[in-house]
file query_29.txt (compact mmCIF, C-alpha atoms)
# COMPACT_ATOMS: atom_id res chain seq x y z
CA MET A 1 -48.99 -91.14 -78.80
CA THR A 2 -48.09 -87.45 -78.61
CA PRO A 3 -47.72 -85.87 -82.07
CA ARG A 4 -44.98 -83.24 -81.87
CA VAL A 5 -45.99 -79.73 -82.88
CA SER A 6 -43.46 -78.01 -85.15
CA GLY A 7 -42.14 -74.74 -83.78
CA ALA A 8 -43.40 -72.48 -86.56
CA LEU A 9 -45.77 -69.77 -85.50
CA LEU A 10 -45.02 -70.40 -81.87
CA LEU A 11 -41.55 -68.91 -82.31
CA VAL A 12 -42.93 -66.47 -84.82
CA LEU A 13 -45.50 -65.07 -82.40
CA VAL A 14 -43.18 -64.76 -79.45
CA ALA A 15 -42.89 -60.99 -79.82
CA VAL A 16 -46.65 -60.57 -79.85
CA LEU A 17 -47.41 -63.12 -77.18
CA ALA A 18 -44.80 -62.38 -74.61
CA THR A 19 -47.69 -62.53 -72.14
CA LEU A 20 -48.39 -65.88 -73.41
CA PRO A 21 -51.22 -68.37 -73.23
CA LEU A 22 -50.34 -68.98 -76.86
CA ALA A 23 -46.75 -70.11 -76.71
CA THR A 24 -47.37 -72.42 -73.81
CA ALA A 25 -50.55 -73.81 -75.27
CA ALA A 26 -48.77 -74.82 -78.43
CA THR A 27 -45.78 -76.59 -76.96
CA PRO A 28 -45.97 -80.36 -76.63
CA SER A 29 -45.42 -80.31 -72.89
CA ALA A 30 -48.29 -77.89 -72.24
CA ALA A 31 -50.87 -79.07 -74.76
CA ALA A 32 -53.35 -80.85 -72.53
CA PRO A 33 -55.19 -82.80 -75.27
CA LEU A 34 -51.91 -84.23 -76.48
CA GLN A 35 -51.08 -85.54 -73.03
CA GLN A 36 -54.27 -87.58 -73.02
CA THR A 37 -53.03 -89.84 -75.81
CA THR A 38 -51.08 -93.05 -75.29
CA ALA A 39 -47.43 -93.10 -74.29
CA THR A 40 -46.02 -94.63 -77.47
CA PRO A 41 -42.87 -92.98 -78.95
CA GLU A 42 -43.40 -89.50 -80.32
CA PRO A 43 -43.35 -89.25 -84.17
CA VAL A 44 -41.01 -86.79 -85.85
CA ALA A 45 -42.62 -83.79 -87.54
CA GLU A 46 -41.21 -83.67 -91.06
CA ASN A 47 -42.57 -80.30 -92.12
CA THR A 48 -45.29 -77.69 -91.81
CA THR A 49 -46.83 -75.82 -94.72
CA PHE A 50 -48.77 -72.58 -94.28
CA SER A 51 -50.99 -72.08 -97.33
CA LEU A 52 -52.60 -68.66 -97.67
CA ALA A 53 -55.23 -68.20 -100.40
CA ILE A 54 -56.37 -64.59 -100.87
CA ARG A 55 -59.98 -64.05 -101.90
CA GLU A 56 -61.42 -61.25 -104.02
CA ASN A 57 -63.43 -59.86 -101.08
CA GLY A 58 -60.24 -59.44 -99.01
CA ASP A 59 -60.69 -62.54 -96.84
CA ALA A 60 -57.92 -65.13 -96.65
CA ARG A 61 -58.27 -68.90 -96.38
CA TRP A 62 -55.44 -70.35 -94.32
CA THR A 63 -54.60 -74.05 -94.45
CA ILE A 64 -51.92 -75.38 -92.09
CA THR A 65 -50.65 -78.87 -92.81
CA ASP A 66 -48.41 -80.64 -90.27
CA THR A 67 -46.75 -83.77 -91.63
CA TYR A 68 -45.40 -86.49 -89.30
CA ALA A 69 -43.25 -89.55 -89.93
CA LEU A 70 -44.86 -92.77 -88.70
CA GLU A 71 -42.27 -95.50 -88.40
CA THR A 72 -44.40 -98.40 -87.13
CA GLU A 73 -47.91 -99.73 -87.42
CA ASN A 74 -48.51 -98.89 -83.78
CA GLU A 75 -47.59 -95.26 -84.44
CA SER A 76 -49.95 -95.20 -87.41
CA ARG A 77 -52.80 -96.58 -85.28
CA ASP A 78 -52.11 -94.15 -82.47
CA PHE A 79 -51.92 -91.26 -84.91
CA SER A 80 -55.27 -92.31 -86.41
CA ASP A 81 -56.82 -92.23 -82.94
CA PHE A 82 -55.39 -88.79 -82.29
CA GLY A 83 -56.44 -87.64 -85.77
CA GLU A 84 -60.03 -88.63 -85.02
CA ASP A 85 -59.97 -86.53 -81.85
CA PHE A 86 -58.37 -83.66 -83.76
CA ALA A 87 -60.97 -83.78 -86.54
CA ASN A 88 -63.78 -83.83 -83.96
CA GLY A 89 -62.35 -80.81 -82.16
CA ASP A 90 -61.41 -82.83 -79.06
CA ALA A 91 -57.66 -82.31 -79.52
CA GLU A 92 -55.56 -79.32 -80.60
CA VAL A 93 -51.97 -78.71 -81.63
CA GLY A 94 -51.86 -75.01 -80.79
CA TRP A 95 -52.21 -73.37 -84.21
CA LEU A 96 -55.78 -72.16 -83.83
CA ASP A 97 -55.08 -70.35 -80.55
CA ALA A 98 -51.91 -68.91 -82.08
CA PHE A 99 -53.72 -67.47 -85.09
CA ARG A 100 -56.60 -66.13 -83.00
CA THR A 101 -54.07 -64.19 -80.94
CA ALA A 102 -52.37 -62.97 -84.13
CA ASN A 103 -55.78 -61.99 -85.53
CA ASP A 104 -56.48 -59.81 -82.49
CA ALA A 105 -53.04 -58.18 -82.73
CA ALA A 106 -53.42 -57.46 -86.46
CA SER A 107 -56.93 -56.06 -85.97
CA THR A 108 -55.59 -53.65 -83.35
CA ALA A 109 -52.70 -52.59 -85.59
CA THR A 110 -54.80 -52.03 -88.74
CA GLY A 111 -58.00 -50.75 -87.17
CA ARG A 112 -60.06 -53.26 -89.19
CA GLU A 113 -62.48 -55.75 -87.75
CA MET A 114 -61.11 -59.25 -88.28
CA GLU A 115 -62.32 -62.68 -87.30
CA ILE A 116 -61.28 -66.32 -87.52
CA THR A 117 -64.26 -68.20 -88.98
CA ALA A 118 -65.20 -71.39 -90.87
CA VAL A 119 -62.74 -73.59 -88.99
CA SER A 120 -62.29 -77.13 -90.31
CA ARG A 121 -60.03 -79.98 -89.18
CA ASN A 122 -58.97 -83.12 -90.98
CA TYR A 123 -56.28 -85.79 -90.92
CA THR A 124 -54.83 -88.43 -93.21
CA VAL A 125 -52.69 -91.51 -92.60
CA SER A 126 -50.95 -93.24 -95.51
CA ASP A 127 -47.65 -94.89 -96.35
CA ARG A 128 -45.96 -94.23 -93.00
CA LYS A 129 -46.97 -90.61 -93.04
CA GLY A 130 -49.62 -88.75 -91.10
CA GLN A 131 -50.99 -85.27 -91.66
CA LEU A 132 -53.07 -82.93 -89.53
CA VAL A 133 -54.82 -80.27 -91.60
CA LEU A 134 -56.31 -77.18 -89.99
CA ALA A 135 -58.14 -74.64 -92.21
CA PHE A 136 -59.93 -71.41 -91.39
CA THR A 137 -60.94 -68.06 -92.90
CA TRP A 138 -59.35 -64.83 -91.70
CA THR A 139 -61.77 -62.04 -92.61
CA ASN A 140 -60.59 -58.64 -93.90
CA PHE A 141 -57.02 -59.90 -94.22
CA ALA A 142 -56.41 -57.87 -97.40
CA THR A 143 -57.66 -54.47 -98.53
CA ARG A 144 -58.98 -53.16 -101.83
CA SER A 145 -57.43 -50.12 -103.51
CA GLY A 146 -59.35 -49.30 -106.66
CA GLU A 147 -59.06 -52.39 -108.85
CA ASP A 148 -56.16 -53.76 -106.81
CA ILE A 149 -56.08 -56.07 -103.79
CA VAL A 150 -53.30 -55.26 -101.31
CA VAL A 151 -51.87 -57.80 -98.86
CA GLY A 152 -49.46 -56.86 -96.11
CA ASP A 153 -50.72 -54.88 -93.15
CA ALA A 154 -52.50 -57.90 -91.62
CA PHE A 155 -49.04 -59.36 -90.90
CA ASN A 156 -48.32 -56.35 -88.68
CA THR A 157 -48.72 -55.70 -84.97
CA THR A 158 -48.30 -52.45 -83.09
CA GLY A 159 -44.75 -53.58 -82.32
CA GLY A 160 -43.66 -55.18 -85.59
CA THR A 161 -44.90 -58.39 -87.23
CA TRP A 162 -46.40 -61.56 -85.78
CA PHE A 163 -45.08 -63.67 -88.70
CA ASN A 164 -41.37 -62.99 -88.43
CA SER A 165 -39.74 -66.33 -89.27
CA LEU A 166 -39.92 -69.83 -90.69
CA THR A 167 -37.92 -72.73 -89.30
CA GLU A 168 -35.98 -75.06 -91.58
CA ASP A 169 -38.88 -77.50 -91.88
CA GLN A 170 -41.55 -74.89 -92.69
CA ARG A 171 -42.71 -73.01 -95.74
CA LEU A 172 -45.29 -70.36 -96.61
CA VAL A 173 -47.26 -70.43 -99.89
CA ILE A 174 -49.42 -67.43 -100.87
CA SER A 175 -51.93 -67.77 -103.74
CA PRO A 176 -53.70 -64.92 -105.59
CA PRO A 177 -57.44 -64.34 -105.82
CA THR A 178 -59.15 -66.04 -108.74
CA GLY A 179 -58.71 -63.97 -111.90
CA TYR A 180 -55.97 -61.78 -110.42
CA GLY A 181 -52.27 -61.51 -111.19
CA VAL A 182 -49.33 -60.27 -109.13
CA GLU A 183 -48.52 -56.62 -109.82
CA SER A 184 -45.80 -56.33 -107.16
CA ALA A 185 -44.27 -58.79 -104.71
CA PRO A 186 -41.14 -59.13 -102.57
CA SER A 187 -39.93 -62.28 -104.35
CA ALA A 188 -40.25 -64.29 -107.55
CA VAL A 189 -43.69 -65.53 -108.58
CA ASP A 190 -44.27 -69.06 -109.88
CA ASP A 191 -47.63 -69.72 -111.53
CA GLY A 192 -49.11 -66.81 -109.59
CA LYS A 193 -47.91 -68.16 -106.23
CA LEU A 194 -45.25 -66.90 -103.85
CA THR A 195 -43.34 -69.57 -101.92
CA PHE A 196 -41.03 -68.88 -99.00
CA GLU A 197 -38.87 -71.73 -97.68
CA GLY A 198 -37.39 -71.82 -94.18
CA PRO A 199 -35.21 -71.16 -92.42
CA ARG A 200 -35.62 -67.43 -92.90
CA THR A 201 -36.84 -64.30 -91.19
CA PHE A 202 -39.25 -61.57 -92.29
CA GLU A 203 -38.82 -57.90 -91.48
CA PRO A 204 -42.01 -55.91 -90.73
CA GLY A 205 -43.56 -54.83 -94.02
CA TYR A 206 -41.63 -57.36 -96.12
CA LEU A 207 -44.67 -59.50 -96.93
CA SER A 208 -46.35 -56.81 -99.05
CA ILE A 209 -48.13 -57.92 -102.23
CA VAL A 210 -50.36 -56.12 -104.72
CA TYR A 211 -52.72 -58.14 -106.91
CA THR A 212 -54.53 -56.70 -109.90
CA GLY A 213 -57.34 -58.07 -112.06
CA GLU A 214 -56.12 -59.51 -115.36
CA GLN A 215 -58.36 -57.80 -117.91
CA SER A 216 -57.32 -58.89 -121.38
CA LEU A 217 -57.56 -56.23 -124.08
CA GLU A 218 -57.67 -58.85 -126.82
CA PRO A 219 -61.09 -59.82 -128.21
CA THR A 220 -62.49 -63.18 -127.16
CA GLU A 221 -63.49 -65.61 -129.88
CA THR A 222 -67.17 -66.41 -129.66
CA GLY A 223 -67.62 -68.51 -132.76
CA THR A 224 -66.60 -69.13 -136.35
CA PRO A 225 -67.03 -66.07 -138.63
CA GLY A 226 -69.59 -66.40 -141.39
CA PRO A 227 -68.49 -67.08 -144.99
CA PHE A 228 -69.79 -63.78 -146.38
CA LEU A 229 -66.42 -63.17 -148.08
CA GLY A 230 -65.61 -66.79 -148.81
CA ASP A 231 -62.44 -68.56 -147.77
CA GLY A 232 -60.30 -65.52 -148.57
CA GLY A 233 -62.42 -63.09 -146.53
CA SER A 234 -59.99 -62.64 -143.66
CA LEU A 235 -57.10 -62.05 -146.10
CA TRP A 236 -59.16 -59.46 -147.99
CA ILE A 237 -60.05 -57.64 -144.76
CA GLY A 238 -56.41 -57.65 -143.64
CA GLY A 239 -55.31 -56.12 -146.96
CA ALA A 240 -58.00 -53.45 -146.79
CA VAL A 241 -57.07 -52.48 -143.23
CA LEU A 242 -53.37 -52.30 -144.16
CA ALA A 243 -54.18 -50.06 -147.13
CA VAL A 244 -56.25 -47.69 -144.97
CA LEU A 245 -53.44 -47.47 -142.41
CA LEU A 246 -50.86 -46.69 -145.09
CA ILE A 247 -53.03 -44.01 -146.66
CA GLY A 248 -53.69 -42.48 -143.25
CA ALA A 249 -49.98 -42.48 -142.39
CA VAL A 250 -49.03 -40.80 -145.67
CA GLY A 251 -51.76 -38.21 -145.23
CA TYR A 252 -50.61 -37.45 -141.70
CA MET A 253 -47.00 -36.99 -142.85
CA VAL A 254 -48.07 -34.62 -145.61
CA ARG A 255 -50.18 -32.53 -143.23
CA GLN A 256 -47.32 -32.33 -140.72
CA GLY A 257 -44.70 -31.49 -143.34
CA HIS A 258 -42.63 -34.63 -142.71
CA THR A 259 -40.93 -35.04 -146.09
CA GLY A 260 -37.55 -36.15 -144.89
CA SER A 261 -37.62 -39.17 -147.18
CA LEU A 262 -37.69 -36.95 -150.32
CA PRO A 263 -34.35 -36.17 -152.03
CA ALA A 264 -32.85 -32.78 -151.15
CA ALA A 265 -32.46 -31.87 -154.85
CA GLY A 266 -36.18 -32.25 -155.36
CA ARG A 267 -36.93 -29.66 -152.68
CA GLU A 268 -34.53 -27.15 -154.28
CA THR A 269 -36.37 -27.29 -157.61
CA ASP A 270 -39.62 -26.31 -155.88
CA ASP A 271 -38.32 -22.97 -154.60
CA GLU A 272 -40.82 -21.13 -156.79
CA HIS A 273 -43.59 -22.38 -154.46
CA GLU A 274 -43.76 -19.59 -151.93
CA GLY A 275 -46.00 -21.41 -149.46
CA SER A 276 -43.34 -23.78 -148.20
CA VAL A 277 -42.83 -23.87 -144.46
CA THR A 278 -39.53 -24.58 -142.75
CA GLU A 279 -39.79 -26.10 -139.30
CA SER A 280 -37.66 -24.35 -136.74
CA PRO A 281 -36.07 -26.35 -133.95
CA PRO A 282 -38.01 -26.31 -130.71
CA GLU A 283 -36.78 -24.01 -128.02
CA ALA A 284 -34.82 -25.71 -125.29
CA GLU A 285 -36.90 -26.27 -122.21
CA THR A 286 -35.70 -24.50 -119.12
CA GLU A 287 -35.25 -26.64 -116.04
CA ASP A 288 -37.03 -25.24 -113.02
CA ASP A 289 -35.19 -25.59 -109.79
CA VAL A 290 -38.05 -27.02 -107.72
CA ASP A 291 -36.99 -29.05 -104.68
CA VAL A 292 -38.96 -32.31 -105.09
CA GLU A 293 -38.70 -32.90 -101.35
CA LEU A 294 -41.04 -29.94 -100.84
CA LEU A 295 -43.68 -31.39 -103.16
CA SER A 296 -46.57 -33.55 -102.01
CA ASP A 297 -46.71 -37.14 -103.25
CA GLU A 298 -49.47 -36.20 -105.70
CA GLU A 299 -47.43 -33.25 -107.02
CA ARG A 300 -44.38 -35.49 -107.53
CA VAL A 301 -46.47 -37.86 -109.64
CA GLU A 302 -47.86 -34.97 -111.69
CA ARG A 303 -44.35 -33.57 -112.16
CA LEU A 304 -43.12 -36.95 -113.42
CA LEU A 305 -46.01 -37.12 -115.87
CA GLU A 306 -45.21 -33.62 -117.16
CA GLU A 307 -41.57 -34.64 -117.68
CA ASN A 308 -42.63 -37.74 -119.62
CA GLY A 309 -45.15 -36.32 -122.05
CA GLY A 310 -48.20 -36.72 -119.81
CA ARG A 311 -48.14 -40.51 -119.49
CA MET A 312 -46.05 -43.23 -117.83
CA LYS A 313 -46.32 -46.83 -116.83
CA GLN A 314 -46.94 -47.40 -113.14
CA ALA A 315 -43.78 -49.49 -112.81
CA ARG A 316 -41.69 -46.50 -113.98
CA ILE A 317 -43.26 -44.29 -111.34
CA VAL A 318 -42.22 -46.86 -108.72
CA THR A 319 -38.66 -46.81 -110.11
CA GLU A 320 -38.42 -43.01 -110.39
CA THR A 321 -39.78 -42.28 -106.90
CA GLY A 322 -38.25 -45.22 -105.02
CA TRP A 323 -41.58 -45.75 -103.26
CA SER A 324 -43.01 -49.20 -102.55
CA ASN A 325 -45.40 -50.79 -105.07
CA ALA A 326 -48.19 -50.78 -102.48
CA LYS A 327 -47.77 -47.04 -101.77
CA VAL A 328 -47.74 -46.12 -105.46
CA SER A 329 -50.78 -48.29 -106.17
CA GLN A 330 -52.81 -46.73 -103.35
CA LEU A 331 -51.69 -43.18 -104.24
CA LEU A 332 -52.59 -43.57 -107.92
CA SER A 333 -55.98 -45.07 -107.09
CA SER A 334 -56.71 -42.06 -104.87
CA MET A 335 -55.60 -39.62 -107.58
CA ASP A 336 -57.71 -41.50 -110.13
CA GLU A 337 -60.77 -41.15 -107.90
CA ASP A 338 -60.05 -37.39 -107.61
CA ASP A 339 -59.79 -37.12 -111.45
CA ARG A 340 -56.18 -35.91 -111.20
CA ILE A 341 -54.99 -38.80 -113.38
CA ASP A 342 -56.38 -41.68 -115.45
CA LYS A 343 -55.39 -45.35 -114.99
CA LEU A 344 -55.65 -47.64 -117.99
CA ARG A 345 -55.03 -51.37 -117.80
CA ILE A 346 -52.75 -52.62 -120.61
CA GLY A 347 -52.14 -56.34 -120.24
CA ARG A 348 -50.67 -56.77 -116.75
CA GLU A 349 -49.56 -53.15 -116.39
CA ASN A 350 -51.21 -49.83 -115.61
CA LEU A 351 -50.70 -46.82 -117.89
CA ILE A 352 -50.94 -43.56 -115.95
CA SER A 353 -51.80 -40.33 -117.77
CA PHE A 354 -53.33 -36.92 -117.26
CA PRO A 355 -57.11 -36.81 -117.90
CA ASP A 356 -57.95 -36.33 -121.59
CA GLU A 357 -54.35 -37.18 -122.56
CA ASP A 358 -54.18 -38.86 -125.99
CA ILE A 359 -52.62 -42.29 -125.38
CA THR A 360 -53.47 -43.97 -128.67
CA ASP A 361 -49.85 -43.87 -129.87
CA PHE A 362 -48.23 -44.84 -126.56
CA ASP A 363 -45.40 -47.22 -127.27
CA GLU A 364 -43.12 -47.02 -124.20
call {"tool": "encode", "arguments": {"input": "query_29.txt", "output": "structure tokens"}}
result
Amino acid sequence: MTPRVSGALLLVLVAVLATLPLATAATPSAAAPLQQTTATPEPVAENTTFSLAIRENGDARWTITDTYALETENESRDFSDFGEDFANGDAEVGWLDAFRTANDAASTATGREMEITAVSRNYTVSDRKGQLVLAFTWTNFATRSGEDIVVGDAFNTTGGTWFNSLTEDQRLVISPPTGYGVESAPSAVDDGKLTFEGPRTFEPGYLSIVYTGEQSLEPTETGTPGPFLGDGGSLWIGGAVLAVLLIGAVGYMVRQGHTGSLPAAGRETDDEHEGSVTESPPEAETEDDVDVELLSDEERVERLLEENGGRMKQARIVTETGWSNAKVSQLLSSMDEDDRIDKLRIGRENLISFPDEDITDFDE
């Protein structure tokens, strides 16, 4: 039996591997181990799934699952024999060579050392269906930028991208690192995962994803509070806090002269008090005619912050500049390290501000 290899990465890698051992090694006619099996009819490959699990250290665990239709008991037996050889490393279907070639191309393009390690092979046969499962770790697949993990440049080659398409029976599923959420991605996210169904193509740079650690600002319950105030303790505390807030708000308004809620007639009767202060309207700000195209990226960010009261959400900076999420994330992390800005995690978003900027009343 000769299990048919789906065309996936073999077509995908054509641009990188024009010189070739890869494309030929992966085709059914050239895969020597496959020719050593019996001559029973070839099963039909139903689909191929590329599962990519990003790890916190930047490595990626790839799992490639080829599924085949087995119509007869003889096909199931022959597939089991081939699966045993595959699991023992005595038979290949071309994927490992393909990804090793892609790994070398990506390493050259990014300048990072990358390896294919921890290779495992397995197979299953059940209910007229057979699966070949190849898994391996691609080291340094992603990069860290401050508290973010950025995925994207490992899909690149010096001439474009090695993963440029999926056929109609293939799909790609990308999962986030444990404890991380998606900050930016090229498509919709479902339960933290990105799924791309074939047929489709990918332009260079399209598969760009930024993950960020989900650091909850809400306190974690560690136990049941003691009964020092009895059953109504929490209600009493809530009332006390509310009262303090109200008193503080009133005091602040009095200090700032905000008495707009008082009747106008009442203010006229107090004219004998000579200490009253009338707020004058602020002077209109003059717009400077600076050409933003002449500013550096860092200066553009600082200018945006100045125009927005010294603080903005990272997503707004992406919208205002038109830059990619990955570029903004890396730029802000660099500025944060240089103490030009501060980054504060609020839920799943970053709040960007000038150092020492008061952000306690931020409500954008």
call {"tool": "atom_distance", "arguments": {"input": "query_29.txt", "atom1": "atom CA of Ala87 of chain A", "atom2": "atom CA of Gly130 of chain A"}}
result
13.2 Å
call {"tool": "closest_residue", "arguments": {"input": "query_29.txt", "among": "A:Glu84, A:Glu298, A:Asp127, A:Glu115", "to": "Tyr68 of chain A", "atoms": "only C-alpha atoms"}}
result
A:Asp127
call {"tool": "residues_around", "arguments": {"input": "query_29.txt", "residues": "Thr108 of chain A", "least_positions_apart": "2", "cutoff": "12 Å", "atoms": "all atoms listed in the file", "output": "number ranges by chain"}}
result
A: 16, 101-106, 110-115, 153-159
call {"tool": "closest_residue", "arguments": {"input": "query_29.txt", "among": "A:Thr201, A:Asn308, A:Ser184, A:Asn57", "to": "Asn140 of chain A", "atoms": "only C-alpha atoms"}}
result
A:Asn57
call {"tool": "atom_distance", "arguments": {"input": "query_29.txt", "atom1": "atom CA of Thr319 of chain A", "atom2": "atom CA of Leu172 of chain A"}}
result
27.9 Å
call {"tool": "atom_distance", "arguments": {"input": "query_29.txt", "atom1": "atom CA of Ser296 of chain A", "atom2": "atom CA of Lys313 of chain A"}}
result
19.9 Å
call {"tool": "residues_around", "arguments": {"input": "query_29.txt", "residues": "Ala315 of chain A", "least_positions_apart": "4", "cutoff": "10 Å", "atoms": "all atoms listed in the file", "output": "list of chain:residue names"}}
result
A:Glu183, A:Ser184, A:Thr319, A:Glu320, A:Asn325, A:Val328, A:Ser329, A:Glu349, A:Asn350, A:Leu351, A:Ile352
call {"tool": "build_atoms", "arguments": {"input": "query_29.txt", "residues": "segment 312-320 of chain A", "atoms": "all heavy atoms", "output": "compact mmCIF listing (two decimals), in the frame of the given file"}}
result
# COMPACT_ATOMS: atom_id res chain seq x y z
N MET A 312 -47.12 -42.32 -118.26
CA MET A 312 -46.05 -43.23 -117.83
C MET A 312 -46.69 -44.54 -117.39
O MET A 312 -47.85 -44.58 -116.99
CB MET A 312 -45.28 -42.66 -116.62
CG MET A 312 -44.50 -41.40 -116.87
SD MET A 312 -43.72 -40.81 -115.33
CE MET A 312 -42.49 -42.09 -115.07
N LYS A 313 -45.88 -45.58 -117.42
CA LYS A 313 -46.32 -46.83 -116.83
C LYS A 313 -46.11 -46.78 -115.31
O LYS A 313 -45.18 -46.14 -114.82
CB LYS A 313 -45.55 -48.01 -117.41
CG LYS A 313 -45.95 -48.33 -118.85
CD LYS A 313 -45.24 -49.57 -119.36
CE LYS A 313 -45.67 -49.89 -120.80
NZ LYS A 313 -44.96 -51.07 -121.34
N GLN A 314 -47.00 -47.44 -114.60
CA GLN A 314 -46.94 -47.40 -113.14
C GLN A 314 -45.60 -47.91 -112.62
O GLN A 314 -45.06 -47.38 -111.65
CB GLN A 314 -48.09 -48.23 -112.55
CG GLN A 314 -48.14 -48.22 -111.03
CD GLN A 314 -49.42 -48.82 -110.50
OE1 GLN A 314 -50.48 -48.63 -111.08
NE2 GLN A 314 -49.33 -49.54 -109.41
N ALA A 315 -45.05 -48.93 -113.27
CA ALA A 315 -43.78 -49.49 -112.81
C ALA A 315 -42.66 -48.46 -112.88
O ALA A 315 -41.77 -48.44 -112.02
CB ALA A 315 -43.41 -50.71 -113.65
N ARG A 316 -42.71 -47.55 -113.87
CA ARG A 316 -41.69 -46.50 -113.98
C ARG A 316 -41.82 -45.48 -112.86
O ARG A 316 -40.82 -44.95 -112.37
CB ARG A 316 -41.78 -45.80 -115.33
CG ARG A 316 -40.96 -46.45 -116.42
CD ARG A 316 -40.71 -45.49 -117.57
NE ARG A 316 -39.90 -44.34 -117.16
CZ ARG A 316 -39.78 -43.23 -117.88
NH1 ARG A 316 -40.43 -43.10 -119.02
NH2 ARG A 316 -39.03 -42.23 -117.46
N ILE A 317 -43.05 -45.22 -112.46
CA ILE A 317 -43.26 -44.29 -111.34
C ILE A 317 -42.65 -44.87 -110.07
O ILE A 317 -42.02 -44.16 -109.28
CB ILE A 317 -44.76 -43.99 -111.16
CG1 ILE A 317 -45.30 -43.26 -112.39
CG2 ILE A 317 -45.01 -43.17 -109.90
CD1 ILE A 317 -46.78 -42.96 -112.34
N VAL A 318 -42.83 -46.19 -109.88
CA VAL A 318 -42.22 -46.86 -108.72
C VAL A 318 -40.70 -46.70 -108.77
O VAL A 318 -40.05 -46.37 -107.78
CB VAL A 318 -42.61 -48.35 -108.69
CG1 VAL A 318 -41.83 -49.08 -107.60
CG2 VAL A 318 -44.10 -48.50 -108.45
N THR A 319 -40.11 -46.91 -109.96
CA THR A 319 -38.66 -46.81 -110.11
C THR A 319 -38.17 -45.39 -109.88
O THR A 319 -37.17 -45.16 -109.20
CB THR A 319 -38.25 -47.28 -111.52
OG1 THR A 319 -38.69 -48.64 -111.71
CG2 THR A 319 -36.75 -47.22 -111.70
N GLU A 320 -38.86 -44.41 -110.47
CA GLU A 320 -38.42 -43.01 -110.39
C GLU A 320 -38.52 -42.46 -108.97
O GLU A 320 -37.68 -41.68 -108.54
CB GLU A 320 -39.26 -42.14 -111.34
CG GLU A 320 -39.08 -42.47 -112.82
CD GLU A 320 -37.74 -41.98 -113.36
OE1 GLU A 320 -37.13 -41.12 -112.71
OE2 GLU A 320 -37.32 -42.47 -114.42
